file work27.txt (compact mmCIF, C-alpha atoms and all ligand atoms)
# COMPACT_ATOMS: atom_id res chain seq x y z
CA MET C 47 133.89 117.62 115.55
CA THR C 48 130.99 115.93 113.83
CA THR C 49 131.33 115.80 110.07
CA LEU C 50 128.11 116.17 108.17
CA SER C 51 127.79 113.90 105.16
CA PRO C 52 127.99 115.81 101.92
CA ALA C 53 124.67 116.62 100.30
CA ARG C 54 123.64 113.95 97.77
CA SER C 55 123.91 115.44 94.35
CA ASP C 56 121.19 113.28 92.78
CA ILE C 57 118.41 114.71 94.98
CA PRO C 58 118.44 118.50 94.56
CA ALA C 59 118.10 120.61 97.69
CA ARG C 60 114.70 122.34 97.78
CA SER C 61 116.02 125.67 96.60
CA ASP C 62 117.73 123.88 93.70
CA VAL C 63 114.57 122.31 92.30
CA PRO C 64 114.80 123.10 88.59
CA ALA C 65 112.19 125.16 86.80
CA PRO C 66 109.44 122.92 85.42
CA ALA C 67 111.02 122.40 82.01
CA ASP C 68 111.22 118.66 82.74
CA PRO C 69 107.61 117.52 83.40
CA LEU C 70 108.79 114.77 85.75
CA ALA C 71 111.07 116.97 87.82
CA GLY C 72 110.27 116.69 91.50
CA ARG C 73 107.76 113.89 90.98
CA SER C 74 107.85 110.54 92.72
CA VAL C 75 107.23 107.29 90.85
CA ALA C 76 103.75 107.06 92.43
CA GLN C 77 102.89 110.55 91.22
CA THR C 78 103.36 109.45 87.63
CA ILE C 79 101.14 106.34 87.83
CA PRO C 80 97.55 106.87 86.68
CA SER C 81 94.50 105.45 88.44
CA SER C 82 93.35 102.32 86.67
CA CYS C 83 90.76 102.45 83.89
CA LEU C 84 88.43 100.73 86.36
CA MET C 85 88.38 103.86 88.48
CA ASP C 86 87.56 106.15 85.53
CA ILE C 87 84.35 104.37 84.60
CA TYR C 88 83.50 103.75 88.25
CA ARG C 89 83.53 107.50 88.84
CA ALA C 90 81.68 108.30 85.61
CA ALA C 91 78.90 105.82 86.49
CA GLU C 92 78.61 107.16 90.03
CA ARG C 93 78.45 110.73 88.74
CA LYS C 94 75.69 109.89 86.29
CA GLU C 95 73.72 108.07 88.97
CA ARG C 96 74.08 110.99 91.39
CA GLU C 97 73.31 113.74 88.88
CA THR C 98 70.44 112.14 86.97
CA GLY C 99 69.07 109.57 89.42
CA ALA C 100 69.25 107.01 86.57
CA GLU C 101 69.70 103.38 87.53
CA ILE C 102 72.99 102.27 86.01
CA ILE C 103 73.46 98.68 84.85
CA LYS C 104 76.87 97.98 86.35
CA LEU C 105 78.86 95.59 84.23
CA HIS C 106 82.13 97.38 84.99
CA VAL C 107 82.89 95.98 88.45
CA GLY C 108 83.39 92.43 89.58
CA GLU C 109 80.81 92.42 92.38
CA PRO C 110 78.97 89.09 92.48
CA TYR C 111 75.25 88.69 93.02
CA PHE C 112 75.69 86.28 95.90
CA LEU C 113 76.47 87.42 99.44
CA PRO C 114 79.01 86.17 101.97
CA PRO C 115 77.54 83.21 103.89
CA ASP C 116 75.78 84.00 107.19
CA ASP C 117 78.32 81.97 109.19
CA VAL C 118 81.03 84.27 107.92
CA ALA C 119 79.20 87.43 108.94
CA LYS C 120 78.40 85.89 112.34
CA ALA C 121 82.05 84.96 112.94
CA LEU C 122 83.06 88.55 112.16
CA VAL C 123 80.50 90.03 114.55
CA ASP C 124 81.25 87.45 117.27
CA ALA C 125 84.97 88.18 117.08
CA ALA C 126 84.36 91.90 117.42
CA GLN C 127 81.91 91.43 120.32
CA LEU C 128 84.12 88.96 122.13
CA GLY C 129 86.96 91.44 122.05
CA ARG C 130 89.11 89.56 119.56
CA THR C 131 90.27 92.92 118.37
CA SER C 132 93.91 93.23 119.36
CA TYR C 133 96.84 93.00 116.95
CA THR C 134 97.72 89.55 115.72
CA THR C 135 101.07 88.26 114.57
CA VAL C 136 102.34 89.96 111.43
CA GLU C 137 101.60 86.93 109.23
CA GLY C 138 98.11 86.31 110.62
CA ILE C 139 96.69 84.03 113.32
CA LEU C 140 97.93 80.47 113.45
CA GLU C 141 94.45 78.91 113.37
CA LEU C 142 93.66 80.65 110.09
CA ARG C 143 97.01 79.76 108.55
CA GLU C 144 96.46 76.12 109.56
CA ALA C 145 93.06 76.17 107.87
CA ILE C 146 94.66 77.73 104.76
CA VAL C 147 97.37 75.04 104.63
CA ALA C 148 94.67 72.36 104.84
CA LYS C 149 92.65 74.05 102.08
CA LEU C 150 95.73 74.36 99.84
CA ALA C 151 96.43 70.63 100.28
CA ARG C 152 92.80 69.60 99.75
CA GLU C 153 91.79 71.87 96.88
CA ASN C 154 94.97 73.11 95.23
CA HIS C 155 97.25 70.08 95.76
CA ILE C 156 99.90 72.40 97.16
CA ASP C 157 101.94 71.21 100.14
CA SER C 158 102.56 74.45 102.01
CA ASP C 159 103.33 75.12 105.66
CA VAL C 160 102.06 77.70 108.15
CA SER C 161 105.55 79.25 108.12
CA ARG C 162 105.12 80.16 104.45
CA ILE C 163 101.61 81.62 104.64
CA LEU C 164 101.00 85.36 104.84
CA VAL C 165 97.42 86.51 105.48
CA SER C 166 96.82 89.85 103.80
CA PRO C 167 94.04 92.45 103.65
CA GLY C 168 92.76 91.33 100.25
CA SER C 169 94.99 89.54 97.79
CA ALA C 170 95.82 92.92 96.25
CA GLN C 171 97.92 93.72 99.31
CA GLY C 172 99.43 90.21 99.21
CA LEU C 173 100.42 90.71 95.56
CA SER C 174 101.88 94.10 96.33
CA ALA C 175 103.86 92.71 99.26
CA LEU C 176 105.07 89.83 97.12
CA MET C 177 106.35 92.10 94.38
CA ARG C 178 108.18 94.20 96.95
CA ALA C 179 109.59 91.05 98.56
CA LEU C 180 110.91 89.80 95.20
CA ALA C 181 112.07 93.07 93.62
CA GLU C 182 115.79 93.27 93.07
CA PRO C 183 117.22 96.63 92.00
CA GLY C 184 116.89 96.97 88.23
CA ALA C 185 114.80 93.80 87.86
CA GLU C 186 112.05 93.32 85.30
CA ILE C 187 108.70 91.57 85.65
CA LEU C 188 106.92 89.90 82.74
CA LEU C 189 103.22 90.78 82.60
CA PRO C 190 100.72 89.62 79.97
CA GLU C 191 100.00 92.27 77.34
CA LEU C 192 96.38 92.19 78.51
CA HIS C 193 96.69 92.48 82.27
CA TRP C 194 94.81 93.55 85.38
CA PRO C 195 95.96 97.19 85.63
CA VAL C 196 96.57 96.84 89.36
CA HIS C 197 99.37 94.32 88.62
CA LEU C 198 101.04 97.05 86.60
CA GLN C 199 100.61 99.66 89.32
CA GLN C 200 101.98 97.24 91.92
CA ALA C 201 105.01 96.38 89.80
CA LEU C 202 105.88 100.04 89.24
CA LEU C 203 105.50 100.85 92.92
CA ALA C 204 107.73 97.90 93.84
CA GLY C 205 110.41 99.22 91.49
CA LEU C 206 109.98 96.34 89.02
CA LYS C 207 110.14 97.35 85.39
CA PRO C 208 107.20 95.85 83.49
CA VAL C 209 107.84 94.07 80.20
CA PHE C 210 104.83 92.66 78.36
CA TYR C 211 104.60 89.21 76.84
CA PRO C 212 102.32 88.71 73.85
CA LEU C 213 99.17 86.62 73.95
CA GLY C 214 97.93 84.54 71.05
CA GLU C 215 94.60 85.09 69.32
CA ASP C 216 93.08 82.97 72.06
CA PHE C 217 94.58 85.37 74.66
CA ARG C 218 96.91 82.62 75.98
CA PRO C 219 100.72 82.95 76.13
CA THR C 220 103.10 80.38 74.66
CA PRO C 221 106.40 79.40 76.30
CA GLU C 222 108.24 80.50 73.15
CA ALA C 223 106.69 83.98 73.25
CA ILE C 224 107.56 84.37 76.90
CA ARG C 225 111.14 83.24 76.37
CA ALA C 226 111.51 85.63 73.43
CA THR C 227 110.17 88.60 75.44
CA ALA C 228 112.48 88.12 78.42
CA GLY C 229 115.85 89.78 78.82
CA PRO C 230 118.88 89.50 81.09
CA ARG C 231 117.14 91.53 83.82
CA THR C 232 113.96 89.46 83.92
CA ARG C 233 113.40 88.12 87.43
CA VAL C 234 109.65 87.60 87.86
CA LEU C 235 106.93 86.09 85.66
CA MET C 236 103.27 86.88 86.36
CA ILE C 237 100.73 84.18 85.57
CA ASN C 238 97.02 84.83 86.10
CA SER C 239 94.75 81.89 85.35
CA PRO C 240 91.76 82.24 85.21
CA ALA C 241 92.62 85.64 83.86
CA ASN C 242 91.25 89.09 84.43
CA PRO C 243 90.32 90.67 82.00
CA THR C 244 90.11 87.92 79.36
CA GLY C 245 88.51 85.03 81.24
CA VAL C 246 90.96 82.53 79.73
CA THR C 247 92.33 79.61 81.70
CA MET C 248 95.46 77.56 81.15
CA ASP C 249 95.51 73.80 81.48
CA ALA C 250 98.15 71.80 83.33
CA ASP C 251 100.22 71.15 80.18
CA ARG C 252 100.44 74.83 79.25
CA LEU C 253 101.26 75.78 82.84
CA ALA C 254 103.94 73.09 83.06
CA ALA C 255 105.54 74.44 79.88
CA LEU C 256 105.58 77.99 81.26
CA LEU C 257 106.99 76.77 84.55
CA ALA C 258 109.76 74.93 82.71
CA VAL C 259 110.83 78.18 81.02
CA ALA C 260 110.85 80.01 84.35
CA ARG C 261 112.98 77.26 85.94
CA GLU C 262 115.39 77.15 83.03
CA GLN C 263 115.82 80.96 83.17
CA GLY C 264 116.06 81.20 86.98
CA TRP C 265 112.96 83.37 87.45
CA GLN C 266 110.45 83.59 90.29
CA VAL C 267 106.79 83.15 89.38
CA ILE C 268 103.73 84.86 90.86
CA SER C 269 100.58 82.83 90.30
CA ASP C 270 97.53 85.02 90.91
CA GLU C 271 94.67 82.58 91.39
CA ALA C 272 91.98 85.00 92.54
CA TYR C 273 89.41 83.20 90.34
CA GLU C 274 90.48 79.65 91.28
CA HIS C 275 86.89 78.56 91.95
CA PHE C 276 85.48 79.94 88.71
CA VAL C 277 86.60 77.50 86.04
CA TYR C 278 83.83 76.37 83.69
CA GLU C 279 85.73 74.09 81.35
CA GLY C 280 88.06 71.46 82.78
CA GLU C 281 89.61 71.79 86.23
CA HIS C 282 91.60 74.58 87.82
CA THR C 283 95.30 73.75 88.06
CA SER C 284 97.35 75.56 90.66
CA LEU C 285 100.79 76.22 89.26
CA ALA C 286 102.52 75.45 92.57
CA SER C 287 101.00 71.96 92.59
CA LEU C 288 103.36 71.21 89.69
CA GLU C 289 106.38 71.64 91.94
CA ARG C 290 105.22 69.51 94.86
CA ASP C 291 108.18 67.19 94.39
CA VAL C 292 110.74 69.99 94.33
CA PRO C 293 112.59 70.69 97.63
CA VAL C 294 111.14 73.80 99.29
CA ASP C 295 114.36 75.81 98.93
CA ASP C 296 114.32 75.28 95.17
CA ARG C 297 110.69 76.17 94.56
CA ILE C 298 109.88 79.29 92.58
CA VAL C 299 106.06 79.58 92.49
CA HIS C 300 104.44 82.02 94.92
CA SER C 301 100.66 81.63 94.91
CA VAL C 302 98.13 84.32 95.77
CA TYR C 303 94.49 83.68 96.74
CA THR C 304 91.52 85.67 97.95
CA PHE C 305 88.25 85.27 99.82
CA SER C 306 86.82 88.14 97.73
CA LYS C 307 85.68 86.17 94.71
CA SER C 308 84.88 82.65 95.91
CA LEU C 309 82.85 83.83 98.90
CA ALA C 310 81.82 87.32 97.79
CA MET C 311 83.89 88.78 100.64
CA THR C 312 85.14 91.70 98.53
CA GLY C 313 84.69 94.29 101.28
CA TYR C 314 86.09 92.09 104.06
CA ARG C 315 89.53 92.52 102.49
CA LEU C 316 91.01 89.08 103.10
CA GLY C 317 93.49 87.12 101.02
CA TYR C 318 96.73 85.20 101.44
CA VAL C 319 100.05 84.38 99.87
CA ALA C 320 101.58 80.89 99.90
CA ALA C 321 105.26 81.71 99.46
CA ALA C 322 107.38 79.17 97.61
CA ASP C 323 110.24 79.24 100.09
CA GLU C 324 111.12 80.39 103.61
CA ARG C 325 113.38 83.25 102.48
CA THR C 326 110.55 84.92 100.56
CA ALA C 327 108.14 84.24 103.45
CA GLN C 328 110.48 86.10 105.79
CA ALA C 329 110.75 89.04 103.37
CA LEU C 330 106.94 89.09 103.11
CA ARG C 331 106.65 89.39 106.89
CA VAL C 332 109.01 92.37 106.85
CA VAL C 333 107.03 94.09 104.08
CA GLN C 334 103.78 93.38 105.90
CA GLU C 335 105.09 94.67 109.23
CA ALA C 336 106.31 97.83 107.55
CA SER C 337 103.04 98.41 105.71
CA ILE C 338 100.16 97.29 107.93
CA ILE C 339 101.63 95.63 111.09
CA ALA C 340 99.05 92.82 110.81
CA PRO C 341 95.79 91.99 109.06
CA CYS C 342 92.43 92.97 110.59
CA THR C 343 91.70 90.59 113.48
CA PRO C 344 87.90 90.01 113.36
CA VAL C 345 88.13 89.50 109.58
CA GLN C 346 90.61 86.69 110.14
CA TYR C 347 88.02 84.90 112.31
CA ALA C 348 85.54 85.35 109.46
CA GLY C 349 88.13 83.68 107.24
CA ILE C 350 88.33 80.65 109.56
CA ALA C 351 84.54 80.32 109.40
CA ALA C 352 84.62 80.63 105.60
CA LEU C 353 87.16 77.85 105.21
CA ALA C 354 85.05 75.55 107.41
CA LEU C 355 82.15 75.71 104.94
CA SER C 356 81.89 73.02 102.34
CA GLY C 357 80.30 73.11 98.92
CA ILE C 358 79.62 76.83 98.91
CA THR C 359 82.24 77.65 96.28
CA ASP C 360 80.69 75.04 93.95
CA THR C 361 77.32 76.73 94.38
CA HIS C 362 78.81 80.11 93.55
CA ARG C 363 80.61 78.77 90.49
CA GLU C 364 77.40 77.24 89.18
CA MET C 365 75.56 80.54 89.66
CA VAL C 366 78.10 82.40 87.54
CA ARG C 367 78.33 79.54 85.05
CA ARG C 368 74.56 79.78 84.46
CA ASN C 369 74.96 83.46 83.62
CA ARG C 370 77.78 82.65 81.23
CA ASP C 371 75.95 79.83 79.49
CA THR C 372 72.59 81.47 79.10
CA LEU C 373 73.20 85.19 78.90
CA LEU C 374 76.52 85.65 77.08
CA ALA C 375 75.55 83.51 74.10
CA PRO C 376 73.83 86.42 72.24
CA LEU C 377 77.15 88.29 72.32
CA VAL C 378 78.90 85.33 70.70
CA GLU C 379 76.12 85.04 68.11
CA ALA C 380 76.42 88.75 67.34
CA GLY C 381 80.17 88.33 66.76
CA LEU C 382 81.12 90.63 69.63
CA LEU C 383 82.60 87.86 71.77
CA ARG C 384 84.98 85.30 70.28
CA GLU C 385 83.99 82.47 72.63
CA LEU C 386 82.48 81.99 76.07
CA PRO C 387 85.11 82.69 78.74
CA ALA C 388 86.52 79.44 80.16
CA GLY C 389 86.87 80.96 83.62
CA GLY C 390 86.70 84.04 85.84
CA TRP C 391 84.07 86.76 85.91
CA TYR C 392 84.85 88.79 82.81
CA ALA C 393 84.48 88.71 79.05
CA MET C 394 86.30 90.88 76.50
CA LEU C 395 84.11 92.16 73.69
CA ASP C 396 85.45 93.47 70.39
CA VAL C 397 83.38 96.48 69.37
CA SER C 398 85.41 97.46 66.28
CA ARG C 399 82.42 97.03 63.97
CA THR C 400 80.71 100.00 65.62
CA GLY C 401 83.48 102.21 64.23
CA LEU C 402 84.03 103.57 67.75
CA ASP C 403 87.09 103.19 69.88
CA ALA C 404 86.34 101.51 73.21
CA GLU C 405 86.72 104.71 75.20
CA THR C 406 84.04 106.47 73.14
CA PHE C 407 81.93 103.31 73.06
CA SER C 408 81.88 102.98 76.85
CA MET C 409 81.11 106.66 77.48
CA ARG C 410 78.33 106.75 74.85
CA LEU C 411 76.88 103.48 76.10
CA LEU C 412 76.71 104.98 79.58
CA GLN C 413 75.06 108.14 78.28
CA ALA C 414 72.61 106.47 75.90
CA GLN C 415 71.79 103.20 77.65
CA ASN C 416 72.87 103.64 81.29
CA VAL C 417 75.20 100.65 81.02
CA ALA C 418 78.72 100.85 82.48
CA VAL C 419 81.50 98.76 80.89
CA VAL C 420 85.27 99.20 80.92
CA ALA C 421 87.25 100.33 77.87
CA GLY C 422 89.87 97.66 77.21
CA ALA C 423 92.88 99.81 76.37
CA GLY C 424 93.35 100.40 80.09
CA PHE C 425 94.20 96.69 80.40
CA ALA C 426 96.90 97.00 77.77
CA MET C 427 98.85 100.09 78.76
CA GLN C 428 102.59 99.79 78.13
CA PRO C 429 104.25 102.70 79.89
CA GLY C 430 107.55 104.20 78.83
CA LEU C 431 109.70 104.79 81.91
CA ASP C 432 112.58 107.09 82.69
CA ALA C 433 115.72 105.78 84.39
CA ALA C 434 114.10 106.27 87.82
CA GLY C 435 111.06 104.16 86.92
CA ARG C 436 108.68 107.11 86.47
CA ILE C 437 106.12 106.95 83.67
CA GLU C 438 106.98 109.43 80.94
CA SER C 439 104.68 108.11 78.22
CA ALA C 440 101.83 105.64 77.83
CA GLY C 441 101.59 103.37 74.81
CA PHE C 442 98.55 101.29 73.86
CA PRO C 443 98.68 98.50 71.26
CA PRO C 444 96.29 99.45 68.43
CA TRP C 445 94.27 96.23 68.77
CA SER C 446 93.37 97.09 72.38
CA ARG C 447 91.45 100.20 71.30
CA HIS C 448 88.36 98.20 70.37
CA LEU C 449 88.11 95.95 73.40
CA VAL C 450 85.52 96.38 76.12
CA ARG C 451 85.31 94.34 79.33
CA ILE C 452 82.07 93.29 80.96
CA ALA C 453 81.56 91.42 84.23
CA PHE C 454 79.13 88.50 84.09
CA CYS C 455 79.05 87.71 87.82
CA VAL C 456 76.20 90.19 88.36
CA ASP C 457 72.58 89.15 88.91
CA PRO C 458 71.00 87.52 85.86
CA GLN C 459 68.37 90.21 85.32
CA THR C 460 71.00 92.95 85.34
CA LEU C 461 73.16 90.98 82.94
CA ARG C 462 70.23 90.21 80.62
CA THR C 463 69.29 93.91 80.47
CA GLY C 464 72.91 94.98 80.03
CA VAL C 465 73.57 92.54 77.19
CA SER C 466 70.36 93.50 75.42
CA ARG C 467 71.18 97.22 75.69
CA ILE C 468 74.72 96.62 74.42
CA LEU C 469 73.27 94.83 71.39
CA ASP C 470 70.78 97.67 70.80
CA PHE C 471 73.56 100.21 71.06
CA VAL C 472 75.82 98.29 68.65
CA ARG C 473 72.93 98.09 66.15
CA SER C 474 72.28 101.81 66.46
CA CYS C 475 75.96 102.56 65.80
CA GLU C 476 75.91 100.36 62.70
CA GLN C 477 72.89 102.23 61.34
CA GLU C 478 74.52 105.64 61.74
C1 LIG C 501 93.25 89.09 88.94
C2 LIG C 501 92.92 89.68 90.26
N1 LIG C 501 93.77 89.47 91.27
C3 LIG C 501 93.56 89.98 92.47
C4 LIG C 501 92.43 90.73 92.72
C5 LIG C 501 92.31 91.35 94.08
O1 LIG C 501 91.22 91.04 94.81
P1 LIG C 501 91.19 91.28 96.36
O2 LIG C 501 92.19 92.32 96.71
O3 LIG C 501 89.81 91.71 96.65
O4 LIG C 501 91.55 89.98 96.99
C6 LIG C 501 91.51 90.99 91.71
C7 LIG C 501 90.32 91.83 91.93
O5 LIG C 501 89.60 92.20 91.07
C8 LIG C 501 91.77 90.44 90.44
O6 LIG C 501 90.93 90.63 89.43
call {"tool": "encode", "arguments": {"input": "work27.txt", "output": "structure tokens", "more": "lines below"}}
Ligand SMILES: Cc1ncc(COP(=O)(O)O)c(C=O)c1O
result
Amino acid sequence: MTTLSPARSDIPARSDVPAPADPLAGRSVAQTIPSSCLMDIYRAAERKERETGAEIIKLHVGEPYFLPPDDVAKALVDAAQLGRTSYTTVEGILELREAIVAKLARENHIDSDVSRILVSPGSAQGLSALMRALAEPGAEILLPELHWPVHLQQALLAGLKPVFYPLGEDFRPTPEAIRATAGPRTRVLMINSPANPTGVTMDADRLAALLAVAREQGWQVISDEAYEHFVYEGEHTSLASLERDVPVDDRIVHSVYTFSKSLAMTGYRLGYVAAADERTAQALRVVQEASIIAPCTPVQYAGIAALALSGITDTHREMVRRNRDTLLAPLVEAGLLRELPAGGWYAMLDVSRTGLDAETFSMRLLQAQNVAVVAGAGFAMQPGLDAAGRIESAGFPPWSRHLVRIAFCVDPQTLRTGVSRILDFVRSCEQE
């Protein structure tokens, strides 16, 4: 006679679902995670545009004012027309991974191998896969206290408990602060340089010091280098280049890159992970197979064409640098911006002198001036979790309530208008 396993007592049978006294009862982890603050303003701006026909100055999204190069678009179309549309291997086509390995050696000084590359639909999916590949039961991930909210969502979905390390006044972490924040369950450290949302970069010395702490503590490191080509002061250092001389099995830095920023290929959805070691690369392939089978085929051919271009990323960096140098200065002069961002596409403004919290500031700015910006608290959420990893409360450090993020990768005229309207709005608040 077949014996049925006894019902698991920790998951109540449907008829046993308790009355909704406990607000989290019957809810999955995902059901407790809010959409990011980026989505809130995105929807509000779209609604205003639709309902009033007003032209909104969009400083809330990181969409650049340059387009993907023609060769990239042509490679995509050619691939589709030539019938290169079947599934590829889970990790992506070999030719693209070879081109990625060559790029990593040439530009990032990372000695990777095609066996450790995973092509992903956008680096967001690569990051998500990486967190799932690294998550041990009960493990914690260290995120910066000002973070890209998607990193937080990804960590929670992977079952990693987020713990937040403090940033200095200059928005950079110190090794001491990171060491002091960690605990016995810390397994993964997130580094994002150039950073979203602050635009800060870390030089090789700072990165080496952070890497030394991670090594000493036995952690894995995720280095999100989405904005690798947008460094305006000094040179970009890829964290994994600092462990070139370490045997592959002992490496701990997993690097994540994207075609979205450098080549404006945001909607192509193409990125990649360079895993530190073969064991993680194998886990990444399993996660990828289970989530998407393989990346989109014609887009991978577009990626090969993109990597064959030379000089284009320098052109794009200089276009954004010009915006930064010429159009953000009035914000610094007005005391709203501490300093020009050293990298990336974003700047964090402090609007405390308006007397408004950032949420109110961003909504009123949209109403009064048709300018969309993102309230900064959403980049600083510190959720309280129950034992199952579900969010039961959301804390926000008080200092984050006056921060507002703007994107400066947009076309210069849009940025000029947006900055001037922000300054007008701030003045009007001060006169009230
Ligand atoms: C820090 C950071 N990492 C990763 C990404 C993901 O970009 P994508 O999925 O388009 O590659 C973004 C996008 O805004 C980002 O800001």
call {"tool": "residues_near_ligand", "arguments": {"input": "work27.txt", "ligand": "ligand LIG 501 (chain C)", "cutoff": "6 Å", "atoms": "only C-alpha atoms and all ligand atoms", "output": "list in words"}}
result
Gly168, Ser169, Ala170, Trp194, Asn242, Asp270, Ala272, Thr304, Ser306, Thr312, Arg315 and Gly317 of chain C
call {"tool": "closest_atom_pairs", "arguments": {"input": "work27.txt", "of": "stretch 164-215 of chain C", "to": "stretch 246-263 of chain C", "cutoff": "12 Å", "atoms": "only C-alpha atoms", "output": "JSON lines"}}
result
{"residue": "C:Ile187", "atom": "CA", "partner": "C:Ala260", "partner_atom": "CA", "distance": 11.8}
{"residue": "C:Leu188", "atom": "CA", "partner": "C:Ala260", "partner_atom": "CA", "distance": 10.8}
{"residue": "C:Leu192", "atom": "CA", "partner": "C:Val246", "partner_atom": "CA", "distance": 11.1}
{"residue": "C:His193", "atom": "CA", "partner": "C:Val246", "partner_atom": "CA", "distance": 11.8}
{"residue": "C:Leu213", "atom": "CA", "partner": "C:Val246", "partner_atom": "CA", "distance": 10.8}
{"residue": "C:Gly214", "atom": "CA", "partner": "C:Val246", "partner_atom": "CA", "distance": 11.3}
{"residue": "C:Glu215", "atom": "CA", "partner": "C:Val246", "partner_atom": "CA", "distance": 11.3}
call {"tool": "write_last_selection", "arguments": {"input": "work27.txt", "atoms": "C-alpha atoms", "output": "PDB file, in the frame of the given file"}}
result
ATOM      1  CA  ILE C 187     108.700  91.570  85.650  1.00  0.00           C
ATOM      2  CA  LEU C 188     106.920  89.900  82.740  1.00  0.00           C
ATOM      3  CA  LEU C 192      96.380  92.190  78.510  1.00  0.00           C
ATOM      4  CA  HIS C 193      96.690  92.480  82.270  1.00  0.00           C
ATOM      5  CA  LEU C 213      99.170  86.620  73.950  1.00  0.00           C
ATOM      6  CA  GLY C 214      97.930  84.540  71.050  1.00  0.00           C
ATOM      7  CA  GLU C 215      94.600  85.090  69.320  1.00  0.00           C
TER       8      GLU C 215
END
call {"tool": "residues_around", "arguments": {"input": "work27.txt", "residues": "C:Ile339", "least_positions_apart": "4", "cutoff": "10 Å", "atoms": "only C-alpha atoms", "output": "ChimeraX atom specification"}}
result
/C:133-138,331-335
call {"tool": "residues_near_point", "arguments": {"input": "work27.txt", "point": "(100.4, 77.6, 99.1)", "cutoff": "8 Å", "atoms": "all atoms listed in the file", "output": "NGL selection string"}}
result
:C and (147 or 150 or 156-159 or 162-163 or 286 or 300-302 or 319-322)
call {"tool": "axis_aligned_box", "arguments": {"input": "work27.txt", "around": "stretch 193-207 of chain C", "padding_each_side": "6 Å", "output": "lines of an AutoDock Vina configuration file"}}
result
center_x = 102.6
center_y = 96.7
center_z = 88.1
size_x = 27.6
size_y = 20.4
size_z = 23.6
call {"tool": "closest_residue", "arguments": {"input": "work27.txt", "among": "C:Met236, C:Leu469, C:Leu203, C:Leu198", "to": "C:Ser74", "atoms": "only C-alpha atoms"}}
result
C:Leu203
